[in-house]
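> You'll find input-v6.tsv just under this line, and it carries TSV, C-alpha atoms.
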```
chain	number	residue	atom	x	y	z
A	15	MET	CA	21.94	-5.36	20.55
A	16	ALA	CA	24.48	-2.59	20.92
A	17	HIS	CA	27.39	-5.04	20.85
A	18	SER	CA	26.47	-6.53	17.50
A	19	HIS	CA	27.99	-3.59	15.66
A	20	ASP	CA	31.16	-3.55	17.72
A	21	HIS	CA	33.93	-3.82	15.16
A	22	SER	CA	36.82	-3.62	17.61
A	23	HIS	CA	37.37	-7.40	17.47
A	24	SER	CA	38.89	-8.79	14.32
A	25	GLY	CA	36.39	-11.63	14.29
A	26	ASP	CA	38.98	-14.38	14.57
A	27	GLY	CA	37.06	-16.47	17.02
A	28	HIS	CA	36.54	-14.02	19.89
A	29	SER	CA	33.54	-15.06	21.93
A	30	HIS	CA	31.20	-12.08	22.27
A	31	GLY	CA	28.48	-14.10	23.92
A	32	ASP	CA	26.35	-12.31	21.34
A	33	THR	CA	25.06	-12.89	17.80
A	34	LEU	CA	25.91	-10.89	14.70
A	35	GLY	CA	22.40	-9.61	14.05
A	36	HIS	CA	19.24	-9.06	16.06
A	37	VAL	CA	17.54	-12.17	17.44
A	38	VAL	CA	13.75	-12.03	16.99
A	39	PRO	CA	11.84	-14.32	19.40
A	40	VAL	CA	9.79	-17.11	17.83
A	41	LYS	CA	6.69	-15.74	19.59
A	42	THR	CA	6.91	-12.52	17.55
A	43	PHE	CA	7.03	-14.53	14.32
A	44	ALA	CA	3.97	-16.52	15.43
A	45	LYS	CA	2.01	-13.30	16.10
A	46	VAL	CA	2.95	-11.95	12.66
A	47	LEU	CA	1.90	-15.23	11.02
A	48	GLY	CA	-1.47	-14.92	12.75
A	49	ALA	CA	-1.86	-11.33	11.53
A	50	LEU	CA	-0.94	-12.36	7.97
A	51	LEU	CA	-3.53	-15.16	7.94
A	52	VAL	CA	-6.24	-12.86	9.33
A	53	LEU	CA	-5.40	-10.25	6.68
A	54	THR	CA	-5.68	-12.95	3.98
A	55	ILE	CA	-9.19	-13.82	5.21
A	56	ILE	CA	-10.08	-10.10	5.19
A	57	THR	CA	-8.86	-9.74	1.56
A	58	VAL	CA	-10.94	-12.71	0.41
A	59	ALA	CA	-14.02	-11.42	2.28
A	60	ALA	CA	-13.59	-7.85	0.97
A	61	ALA	CA	-13.35	-9.13	-2.63
A	62	LYS	CA	-16.87	-10.61	-2.31
A	63	ILE	CA	-18.32	-7.13	-1.82
A	64	ASP	CA	-18.63	-5.17	-5.06
A	65	MET	CA	-17.05	-1.76	-4.52
A	66	GLY	CA	-16.28	-1.06	-8.17
A	67	LYS	CA	-12.80	0.24	-8.72
A	68	TRP	CA	-12.21	0.43	-4.97
A	69	ASN	CA	-11.92	-3.37	-4.84
A	70	ILE	CA	-8.45	-3.31	-6.35
A	71	VAL	CA	-7.37	-0.35	-4.20
A	72	GLY	CA	-8.46	-2.18	-1.03
A	73	ALA	CA	-6.82	-5.43	-2.13
A	74	MET	CA	-3.53	-3.66	-2.88
A	75	VAL	CA	-3.58	-1.76	0.44
A	76	ILE	CA	-4.06	-5.00	2.40
A	77	ALA	CA	-1.38	-6.74	0.29
A	78	SER	CA	1.02	-3.88	1.06
A	79	ILE	CA	0.32	-4.14	4.80
A	80	LYS	CA	1.10	-7.87	4.57
A	81	ALA	CA	4.26	-7.20	2.53
A	82	SER	CA	5.40	-4.61	5.11
A	83	LEU	CA	4.92	-7.13	7.93
A	84	VAL	CA	6.98	-9.73	6.04
A	85	ILE	CA	9.80	-7.26	5.28
A	86	LEU	CA	9.87	-5.64	8.74
A	87	VAL	CA	9.64	-8.76	10.91
A	88	PHE	CA	10.27	-11.97	8.93
A	89	MET	CA	13.09	-10.41	6.91
A	90	HIS	CA	14.48	-8.46	9.93
A	91	GLY	CA	13.94	-5.17	8.05
A	92	LYS	CA	13.19	-3.42	11.35
A	93	TYR	CA	16.80	-3.87	12.44
A	94	GLU	CA	18.58	-3.08	9.17
A	95	ASN	CA	20.66	0.02	8.42
A	96	LYS	CA	20.03	2.82	5.94
A	97	ILE	CA	22.02	1.28	3.09
A	98	ILE	CA	19.92	-1.88	3.14
A	99	TRP	CA	16.75	0.22	3.38
A	100	THR	CA	17.82	2.03	0.23
A	101	TYR	CA	17.98	-1.33	-1.53
A	102	ILE	CA	14.60	-2.33	-0.11
A	103	LEU	CA	12.88	0.83	-1.32
A	104	ILE	CA	14.54	1.34	-4.73
A	105	PRO	CA	12.67	-1.45	-6.60
A	106	PHE	CA	9.32	-0.21	-5.30
A	107	ILE	CA	10.12	3.36	-6.34
A	108	LEU	CA	11.21	2.14	-9.80
A	109	LEU	CA	8.01	0.09	-10.10
A	110	ALA	CA	5.94	3.17	-9.25
A	111	ILE	CA	7.83	5.24	-11.85
A	112	MET	CA	7.37	2.50	-14.47
A	113	ILE	CA	3.63	2.07	-13.90
A	114	GLY	CA	3.19	5.85	-13.58
A	115	GLY	CA	5.12	6.41	-16.80
A	116	VAL	CA	3.14	3.82	-18.76
A	117	PHE	CA	-0.20	5.20	-17.56
A	118	THR	CA	0.65	8.81	-18.34
A	119	ASP	CA	1.65	7.72	-21.85
A	120	ASP	CA	-0.36	4.86	-23.28
A	121	PRO	CA	-3.96	5.75	-22.37
A	122	PHE	CA	-3.55	9.24	-23.88
A	123	ARG	CA	-2.24	8.13	-27.27
A	124	ASP	CA	-5.72	8.09	-28.82
A	125	ARG	CA	-6.25	11.66	-27.70
A	126	ILE	CA	-2.94	12.77	-29.24
A	127	GLN	CA	-3.90	11.01	-32.48
A	128	HIS	CA	-7.28	12.75	-32.40
A	129	PHE	CA	-5.55	16.09	-31.79
A	130	LYS	CA	-3.24	15.56	-34.79
A	131	VAL	CA	-6.15	14.64	-37.07
A	132	THR	CA	-8.17	17.71	-36.10
A	133	GLU	CA	-5.08	19.91	-36.54
A	134	GLN	CA	-4.59	18.59	-40.07
A	135	ALA	CA	-8.25	19.14	-40.94
A	136	LYS	CA	-7.94	22.87	-40.23
B	2	MET	CA	45.24	-20.24	5.15
B	3	SER	CA	47.08	-19.60	1.92
B	4	ASN	CA	47.22	-16.12	0.48
B	5	ALA	CA	45.30	-17.30	-2.58
B	6	ALA	CA	42.21	-18.26	-0.57
B	7	ILE	CA	39.72	-15.41	-0.26
B	8	VAL	CA	37.28	-17.42	1.84
B	9	ASP	CA	38.52	-20.33	3.92
B	10	HIS	CA	35.74	-22.61	5.12
B	11	ASN	CA	38.14	-25.01	6.82
B	12	VAL	CA	37.13	-24.02	10.37
B	13	PRO	CA	35.57	-25.87	13.34
B	14	PRO	CA	31.73	-26.12	13.38
B	15	GLY	CA	30.03	-22.92	14.50
B	16	GLU	CA	33.03	-20.73	13.68
B	17	PRO	CA	32.76	-18.19	10.87
B	18	PRO	CA	34.88	-18.86	7.77
B	19	HIS	CA	38.15	-16.93	7.55
B	20	ILE	CA	37.79	-14.18	5.02
B	21	HIS	CA	40.79	-12.34	3.70
B	22	HIS	CA	40.89	-8.59	4.48
B	23	MET	CA	37.51	-8.63	6.22
B	24	ASP	CA	36.40	-9.17	9.81
B	25	THR	CA	33.31	-11.26	10.53
B	26	PRO	CA	30.75	-8.48	11.17
B	27	THR	CA	31.85	-6.74	7.96
B	28	ALA	CA	31.59	-9.97	5.97
B	29	TYR	CA	28.14	-10.63	7.44
B	30	GLY	CA	26.94	-7.11	6.58
B	31	ALA	CA	28.41	-7.26	3.07
B	32	ALA	CA	26.79	-10.64	2.34
B	33	LYS	CA	23.40	-9.38	3.52
B	34	LEU	CA	23.72	-6.18	1.50
B	35	GLY	CA	24.55	-8.23	-1.59
B	36	MET	CA	21.51	-10.43	-1.00
B	37	TRP	CA	19.21	-7.41	-0.71
B	38	LEU	CA	20.62	-5.99	-3.94
B	39	PHE	CA	19.89	-9.32	-5.64
B	40	LEU	CA	16.36	-9.33	-4.17
B	41	ALA	CA	15.87	-5.82	-5.57
B	42	THR	CA	16.63	-7.12	-9.08
B	43	GLU	CA	14.22	-10.01	-8.48
B	44	ILE	CA	11.45	-7.60	-7.53
B	45	LEU	CA	12.17	-5.60	-10.70
B	46	LEU	CA	11.93	-8.79	-12.77
B	47	PHE	CA	8.40	-9.26	-11.49
B	48	ALA	CA	7.74	-5.52	-11.65
B	49	VAL	CA	7.78	-5.68	-15.46
B	50	MET	CA	5.01	-8.28	-15.33
B	51	PHE	CA	3.01	-6.31	-12.78
B	52	CYS	CA	3.25	-3.31	-15.08
B	53	SER	CA	2.06	-5.38	-18.07
B	54	PHE	CA	-0.78	-6.68	-15.93
B	55	ALA	CA	-1.78	-3.14	-14.92
B	56	ILE	CA	-1.91	-1.81	-18.49
B	57	MET	CA	-3.65	-4.92	-19.90
B	58	ARG	CA	-6.20	-4.77	-17.12
B	59	TYR	CA	-6.81	-1.11	-17.92
B	60	TYR	CA	-7.71	-1.95	-21.53
B	61	HIS	CA	-9.51	-5.28	-20.97
B	62	LEU	CA	-11.17	-4.77	-17.60
B	63	HIS	CA	-14.28	-6.80	-18.41
B	64	GLU	CA	-12.34	-9.79	-19.80
B	65	PHE	CA	-9.98	-9.69	-16.82
B	66	HIS	CA	-12.92	-9.81	-14.39
B	67	GLU	CA	-14.54	-12.71	-16.19
B	68	ALA	CA	-11.33	-14.68	-16.68
B	69	SER	CA	-10.28	-14.32	-13.02
B	70	HIS	CA	-13.53	-16.03	-11.99
B	71	HIS	CA	-12.33	-19.11	-13.88
B	72	LEU	CA	-9.43	-19.50	-11.46
B	73	ASP	CA	-9.84	-21.77	-8.44
B	74	LEU	CA	-10.10	-19.34	-5.50
B	75	ARG	CA	-9.94	-22.13	-2.91
B	76	ALA	CA	-6.69	-23.50	-4.37
B	77	GLY	CA	-5.24	-19.98	-4.43
B	78	ALA	CA	-6.22	-19.26	-0.83
B	79	LEU	CA	-4.83	-22.63	0.29
B	80	ASN	CA	-1.53	-21.85	-1.44
B	81	THR	CA	-1.43	-18.43	0.25
B	82	ALA	CA	-1.80	-20.04	3.67
B	83	ILE	CA	0.83	-22.67	2.80
B	84	LEU	CA	3.36	-20.03	1.72
B	85	LEU	CA	2.71	-17.77	4.73
B	86	PHE	CA	3.28	-20.71	7.07
B	87	SER	CA	6.45	-21.75	5.22
B	88	SER	CA	7.73	-18.19	5.52
B	89	TYR	CA	7.10	-18.34	9.27
B	90	THR	CA	9.11	-21.56	9.63
B	91	ALA	CA	11.93	-20.08	7.53
B	92	ALA	CA	12.02	-17.04	9.86
B	93	VAL	CA	12.06	-19.36	12.90
B	94	ALA	CA	15.00	-21.27	11.34
B	95	VAL	CA	17.06	-18.04	11.43
B	96	THR	CA	16.35	-17.53	15.13
B	97	LYS	CA	17.26	-21.19	15.80
B	98	ALA	CA	20.53	-20.74	13.90
B	99	GLN	CA	21.32	-17.62	15.93
B	100	MET	CA	20.81	-19.64	19.11
B	101	GLY	CA	23.12	-22.36	17.76
B	102	ASP	CA	20.25	-24.86	17.54
B	103	ASN	CA	21.24	-26.65	14.32
B	104	ARG	CA	18.58	-29.32	14.72
B	105	GLY	CA	16.00	-26.53	14.88
B	106	VAL	CA	17.34	-25.18	11.58
B	107	VAL	CA	17.00	-28.60	9.94
B	108	LYS	CA	13.49	-29.06	11.35
B	109	ASN	CA	12.13	-25.65	10.36
B	110	PHE	CA	13.69	-25.56	6.91
B	111	THR	CA	12.27	-29.06	6.33
B	112	TYR	CA	8.81	-27.70	7.17
B	113	SER	CA	9.35	-24.89	4.64
B	114	LEU	CA	10.54	-27.45	2.09
B	115	LEU	CA	7.45	-29.61	2.60
B	116	CYS	CA	5.25	-26.51	2.25
B	117	GLY	CA	7.08	-25.75	-1.00
B	118	PHE	CA	6.21	-29.22	-2.30
B	119	GLY	CA	2.60	-28.73	-1.17
B	120	PHE	CA	2.44	-25.41	-3.01
B	121	LEU	CA	3.77	-26.99	-6.22
B	122	ILE	CA	1.29	-29.90	-5.97
B	123	VAL	CA	-1.67	-27.50	-5.64
B	124	LYS	CA	-0.28	-25.39	-8.50
B	125	SER	CA	0.14	-28.37	-10.84
B	126	TYR	CA	-3.41	-29.46	-9.98
B	127	GLU	CA	-4.61	-25.99	-11.02
B	128	TYR	CA	-2.58	-26.05	-14.25
B	129	THR	CA	-3.85	-29.53	-15.21
B	130	HIS	CA	-7.39	-28.43	-14.55
B	131	LYS	CA	-6.92	-25.39	-16.79
B	132	ALA	CA	-5.49	-27.63	-19.55
B	133	HIS	CA	-8.59	-29.83	-19.37
B	134	GLU	CA	-10.83	-26.77	-19.66
B	135	GLY	CA	-8.99	-25.61	-22.78
B	136	MET	CA	-7.48	-22.57	-21.07
B	137	PHE	CA	-3.82	-23.50	-21.39
B	138	PRO	CA	-1.12	-22.58	-23.91
B	139	PHE	CA	-1.18	-24.88	-27.01
B	140	VAL	CA	-4.58	-26.32	-26.09
B	141	TRP	CA	-6.69	-23.14	-26.20
B	142	ASN	CA	-10.39	-23.71	-26.75
B	143	SER	CA	-11.54	-21.07	-29.24
B	144	ASP	CA	-14.39	-20.10	-26.83
B	145	PHE	CA	-11.79	-18.71	-24.45
B	146	TYR	CA	-9.66	-16.65	-26.85
B	147	HIS	CA	-10.75	-13.42	-25.19
B	148	TYR	CA	-9.25	-14.69	-21.90
B	149	LYS	CA	-5.81	-15.08	-23.47
B	150	ASN	CA	-4.54	-11.72	-22.22
B	151	PHE	CA	-5.36	-12.51	-18.62
B	152	LEU	CA	-4.46	-16.19	-18.66
B	153	GLY	CA	-1.23	-15.56	-20.57
B	154	LEU	CA	-0.12	-13.19	-17.82
B	155	TYR	CA	-1.42	-15.63	-15.19
B	156	PHE	CA	0.72	-18.47	-16.56
B	157	CYS	CA	3.80	-16.23	-16.99
B	158	MET	CA	3.58	-14.77	-13.49
B	159	THR	CA	2.69	-17.94	-11.60
B	160	GLY	CA	5.09	-19.97	-13.76
B	161	LEU	CA	8.01	-17.67	-12.99
B	162	HIS	CA	6.93	-17.65	-9.34
B	163	ALA	CA	6.81	-21.46	-9.26
B	164	LEU	CA	10.34	-21.52	-10.70
B	165	HIS	CA	11.39	-19.32	-7.77
B	166	VAL	CA	9.70	-21.72	-5.35
B	167	ILE	CA	11.79	-24.59	-6.79
B	168	ILE	CA	15.02	-22.54	-6.64
B	169	GLY	CA	14.20	-21.41	-3.07
B	170	MET	CA	13.69	-25.01	-1.99
B	171	ALA	CA	17.04	-26.02	-3.51
B	172	ILE	CA	18.76	-23.10	-1.74
B	173	MET	CA	17.21	-23.95	1.64
B	174	PHE	CA	18.32	-27.55	1.27
B	175	TRP	CA	21.83	-26.90	0.01
B	176	TYR	CA	22.84	-23.87	2.11
B	177	GLY	CA	20.58	-24.45	5.14
B	178	ILE	CA	19.69	-28.06	5.89
B	179	ARG	CA	22.87	-29.73	4.59
B	180	PRO	CA	25.41	-27.65	6.61
B	181	ALA	CA	23.11	-27.54	9.66
B	182	ARG	CA	23.21	-31.32	9.78
B	183	ASN	CA	26.98	-30.93	10.33
B	184	ASN	CA	26.36	-28.40	13.15
B	185	ARG	CA	27.80	-25.64	10.98
B	186	PHE	CA	25.86	-22.71	12.45
B	187	SER	CA	26.04	-20.66	15.64
B	188	GLY	CA	25.36	-17.11	16.82
B	189	LYS	CA	28.77	-16.24	15.34
B	190	TYR	CA	28.04	-17.70	11.91
B	191	TYR	CA	24.60	-18.16	10.36
B	192	THR	CA	24.81	-16.03	7.19
B	193	PRO	CA	23.71	-18.82	4.76
B	194	VAL	CA	20.62	-19.53	6.88
B	195	GLU	CA	19.59	-15.88	6.93
B	196	LEU	CA	20.19	-15.38	3.19
B	197	SER	CA	18.30	-18.58	2.25
B	198	ALA	CA	15.40	-17.43	4.43
B	199	LEU	CA	15.49	-13.97	2.80
B	200	TYR	CA	15.12	-15.60	-0.64
B	201	TRP	CA	12.21	-17.70	0.60
B	202	HIS	CA	10.51	-14.62	2.08
B	203	LEU	CA	10.79	-12.94	-1.34
B	204	VAL	CA	8.89	-15.86	-2.87
B	205	ASP	CA	6.20	-15.29	-0.25
B	206	LEU	CA	6.28	-11.51	-0.82
B	207	ILE	CA	5.60	-11.87	-4.55
B	208	TRP	CA	2.73	-14.28	-3.91
B	209	ILE	CA	1.16	-11.82	-1.45
B	210	TYR	CA	0.60	-9.52	-4.47
B	211	LEU	CA	-0.10	-12.23	-7.06
B	212	PHE	CA	-2.94	-13.83	-5.09
B	213	PRO	CA	-5.31	-10.82	-4.83
B	214	LEU	CA	-4.43	-9.54	-8.32
B	215	LEU	CA	-5.04	-12.83	-10.14
B	216	TYR	CA	-7.64	-14.63	-8.04
B	217	LEU	CA	-9.66	-11.89	-6.38
B	218	VAL	CA	-9.96	-8.63	-8.30
B	219	GLY	CA	-8.80	-9.75	-11.75
```
Can the structure from this file be put into structure tokens for me?


Amino acid sequence: MAHSHDHSHSGDGHSHGDTLGHVVPVKTFAKVLGALLVLTIITVAAAKIDMGKWNIVGAMVIASIKASLVILVFMHGKYENKIIWTYILIPFILLAIMIGGVFTDDPFRDRIQHFKVTEQAK
Amino acid sequence: MSNAAIVDHNVPPGEPPHIHHMDTPTAYGAAKLGMWLFLATEILLFAVMFCSFAIMRYYHLHEFHEASHHLDLRAGALNTAILLFSSYTAAVAVTKAQMGDNRGVVKNFTYSLLCGFGFLIVKSYEYTHKAHEGMFPFVWNSDFYHYKNFLGLYFCMTGLHALHVIIGMAIMFWYGIRPARNNRFSGKYYTPVELSALYWHLVDLIWIYLFPLLYLVG
């Protein structure tokens, strides 16, 4: 779709014989829907097996594969430019920082408290 | 077009609206960029809840496991399938709009709308069932107090998600189906269809994470 980014026309009704963005065939969407449904069945099946803490890791990996398929194909992410990709990625990076920040802080508070108490006892 | 009008929608069907100081590809790109920025804030809204879920689960792992078994897995899986299918039809609606097939837009967005209703019906069935069991705000059975952390988050997250389903359905009707019935869209102008579909895909995207977290691994 090289012509879709041709800005030489002022857009006042010129017929390009072309659309503004990329046209994804319906067949591609159908294939992705199939993949998403299969992945859902896999998630449900995998949850039945007890793998301890790996259950949640596996579930999140499969969910992320599904999310990537939705963003890349359903939401046309595959054909978007760098600025839009910045906006796609920023919330996920912020979420990672937030969860990372909370987990490097909260679970260690007891230990800090313990450290303070033992320091005072000296 | 008067100088005061920034966007003039008074154009023949299929033609893009006249926008002051902007050509059509630029307007299309700007609108899409704005939508993605909005979607980023929506993801961050849910991100706060995902973070709360993560830290609560860390401290109350056992309760979370037990409580998640009280959710109806079959209803959750059915709702996942419903939303995935509705997302597919919303994506197809964009392709139809690009090909100038306005009837296809109406048809596919109507499918998505019906799926939205189906999702809400299943969800309300689940909520009612939880109320009967005494696992619902204001009617807590004291036997289930230790599930409050999990179920509180469950109701917040799915409740906010259900609100997004309702808003998404309204958007698809108002900006998709209604103008498409007047043959508004063509390959030259289909921005509202694409943006409505993007919002609907976000609803699906959030559910993709909510389903395994709440129903499967707890």

> Excluding segment 96-106 of chain A and residues on its chain fewer than 2 positions from it, collect all residues at most 7 Å away from it, counting all atoms listed in the file, and give them as a list in words.

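Answer for this query is Glu94, Leu108, Leu109 and Ala110 of chain A; Leu34, Trp37, Leu38, Ala41, Ile44 and Leu45 of chain B.
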
> Taking only residues of chain B that have an atom at most 6 Å from an atom of chain A, what is each one's shortest atom pair and its distance in Å to one decimal, using only C-alpha atoms, in chain and number order, as a Markdown table?


```
| residue | atom | partner | partner_atom | distance |
| --- | --- | --- | --- | --- |
| B:Asp24 | CA | A:Gly25 | CA | 5.1 |
| B:Thr25 | CA | A:Gly25 | CA | 4.9 |
| B:Leu34 | CA | A:Ile98 | CA | 6.0 |
| B:Leu38 | CA | A:Tyr101 | CA | 5.9 |
| B:Ala41 | CA | A:Pro105 | CA | 5.5 |
| B:Leu45 | CA | A:Pro105 | CA | 5.9 |
| B:Ala48 | CA | A:Leu109 | CA | 5.8 |
| B:Cys52 | CA | A:Ile113 | CA | 5.5 |
| B:Ala92 | CA | A:Phe88 | CA | 5.4 |
| B:Val93 | CA | A:Val40 | CA | 5.9 |
| B:Thr96 | CA | A:Val37 | CA | 6.0 |
| B:Gly188 | CA | A:Thr33 | CA | 4.3 |
| B:Lys189 | CA | A:Thr33 | CA | 5.6 |
| B:Leu199 | CA | A:Met89 | CA | 5.9 |
| B:Leu206 | CA | A:Ala81 | CA | 5.8 |
| B:Ile209 | CA | A:Ala77 | CA | 5.9 |
| B:Tyr210 | CA | A:Ala77 | CA | 5.9 |
| B:Leu217 | CA | A:Ala61 | CA | 5.9 |
| B:Val218 | CA | A:Ile70 | CA | 5.9 |
```

> Taking only C-alpha atoms into account, which of B:Thr90, B:His133, B:Gln99, B:Leu84 comes nearest His162 of chain B?

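Closest to His162 of chain B of all the choices is B:Leu84.
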
> May I ask which of the residues B:Ser69, B:Leu152, B:Gly35, B:Phe110 is the closest one to Ala98 of chain B, counting all atoms listed in the file?

B:Phe110

> Leaving out Val107 of chain B and any residue of its chain fewer than 3 positions from it, which residues lie within 8 Å of it when counting all atoms listed in the file, given as a ChimeraX atom specification?

/B:94,103-104,110-111,177-178,181-182

> Could you check which of B:Val106, B:Pro213, B:Thr192, B:Leu203 is closest to Lys33 of chain B, using all atoms listed in the file?

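Among B:Val106, B:Pro213, B:Thr192, B:Leu203, it is B:Thr192 that comes nearest to Lys33 of chain B.
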
> Can you tell me, as a PyMOL selection string, what residues are no more than 12 Å from Trp201 of chain B when counting only C-alpha atoms, ignoring any on the same chain fewer than 3 positions away?

(chain A and resi 84-85+88-89) or (chain B and resi 36+40+84-92+94-95+110+113-114+116-117+162-163+165-174+177+194-198+204-208)

> For the selection just defined, write its residues with C-alpha atoms to a file, as a PDB file, keeping the file's coordinate frame.


```pdb
ATOM      1  CA  VAL A  84       6.980  -9.730   6.040  1.00  0.00           C
ATOM      2  CA  ILE A  85       9.800  -7.260   5.280  1.00  0.00           C
ATOM      3  CA  PHE A  88      10.270 -11.970   8.930  1.00  0.00           C
ATOM      4  CA  MET A  89      13.090 -10.410   6.910  1.00  0.00           C
TER       5      MET A  89
ATOM      6  CA  MET B  36      21.510 -10.430  -1.000  1.00  0.00           C
ATOM      7  CA  LEU B  40      16.360  -9.330  -4.170  1.00  0.00           C
ATOM      8  CA  LEU B  84       3.360 -20.030   1.720  1.00  0.00           C
ATOM      9  CA  LEU B  85       2.710 -17.770   4.730  1.00  0.00           C
ATOM     10  CA  PHE B  86       3.280 -20.710   7.070  1.00  0.00           C
ATOM     11  CA  SER B  87       6.450 -21.750   5.220  1.00  0.00           C
ATOM     12  CA  SER B  88       7.730 -18.190   5.520  1.00  0.00           C
ATOM     13  CA  TYR B  89       7.100 -18.340   9.270  1.00  0.00           C
ATOM     14  CA  THR B  90       9.110 -21.560   9.630  1.00  0.00           C
ATOM     15  CA  ALA B  91      11.930 -20.080   7.530  1.00  0.00           C
ATOM     16  CA  ALA B  92      12.020 -17.040   9.860  1.00  0.00           C
ATOM     17  CA  ALA B  94      15.000 -21.270  11.340  1.00  0.00           C
ATOM     18  CA  VAL B  95      17.060 -18.040  11.430  1.00  0.00           C
ATOM     19  CA  PHE B 110      13.690 -25.560   6.910  1.00  0.00           C
ATOM     20  CA  SER B 113       9.350 -24.890   4.640  1.00  0.00           C
ATOM     21  CA  LEU B 114      10.540 -27.450   2.090  1.00  0.00           C
ATOM     22  CA  CYS B 116       5.250 -26.510   2.250  1.00  0.00           C
ATOM     23  CA  GLY B 117       7.080 -25.750  -1.000  1.00  0.00           C
ATOM     24  CA  HIS B 162       6.930 -17.650  -9.340  1.00  0.00           C
ATOM     25  CA  ALA B 163       6.810 -21.460  -9.260  1.00  0.00           C
ATOM     26  CA  HIS B 165      11.390 -19.320  -7.770  1.00  0.00           C
ATOM     27  CA  VAL B 166       9.700 -21.720  -5.350  1.00  0.00           C
ATOM     28  CA  ILE B 167      11.790 -24.590  -6.790  1.00  0.00           C
ATOM     29  CA  ILE B 168      15.020 -22.540  -6.640  1.00  0.00           C
ATOM     30  CA  GLY B 169      14.200 -21.410  -3.070  1.00  0.00           C
ATOM     31  CA  MET B 170      13.690 -25.010  -1.990  1.00  0.00           C
ATOM     32  CA  ALA B 171      17.040 -26.020  -3.510  1.00  0.00           C
ATOM     33  CA  ILE B 172      18.760 -23.100  -1.740  1.00  0.00           C
ATOM     34  CA  MET B 173      17.210 -23.950   1.640  1.00  0.00           C
ATOM     35  CA  PHE B 174      18.320 -27.550   1.270  1.00  0.00           C
ATOM     36  CA  GLY B 177      20.580 -24.450   5.140  1.00  0.00           C
ATOM     37  CA  VAL B 194      20.620 -19.530   6.880  1.00  0.00           C
ATOM     38  CA  GLU B 195      19.590 -15.880   6.930  1.00  0.00           C
ATOM     39  CA  LEU B 196      20.190 -15.380   3.190  1.00  0.00           C
ATOM     40  CA  SER B 197      18.300 -18.580   2.250  1.00  0.00           C
ATOM     41  CA  ALA B 198      15.400 -17.430   4.430  1.00  0.00           C
ATOM     42  CA  VAL B 204       8.890 -15.860  -2.870  1.00  0.00           C
ATOM     43  CA  ASP B 205       6.200 -15.290  -0.250  1.00  0.00           C
ATOM     44  CA  LEU B 206       6.280 -11.510  -0.820  1.00  0.00           C
ATOM     45  CA  ILE B 207       5.600 -11.870  -4.550  1.00  0.00           C
ATOM     46  CA  TRP B 208       2.730 -14.280  -3.910  1.00  0.00           C
TER      47      TRP B 208
END
```

> Tell me, in Å to one decimal, how far atom CA of Ala49 of chain A is from atom CA of Leu121 of chain B.

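Spanning atom CA of Ala49 of chain A to atom CA of Leu121 of chain B is a straight-line distance of 24.3 Å.
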
> What does the distance from atom CA of Ala31 of chain B to atom CA of Lys97 of chain B come to in Å, to one decimal?

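If I compute the distance from atom CA of Ala31 of chain B to atom CA of Lys97 of chain B, I get 21.9 Å.
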
> Do you have the atom CA of Ser125 of chain B-atom CA of Phe151 of chain B distance handy?

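A separation of 18.5 Å between them.
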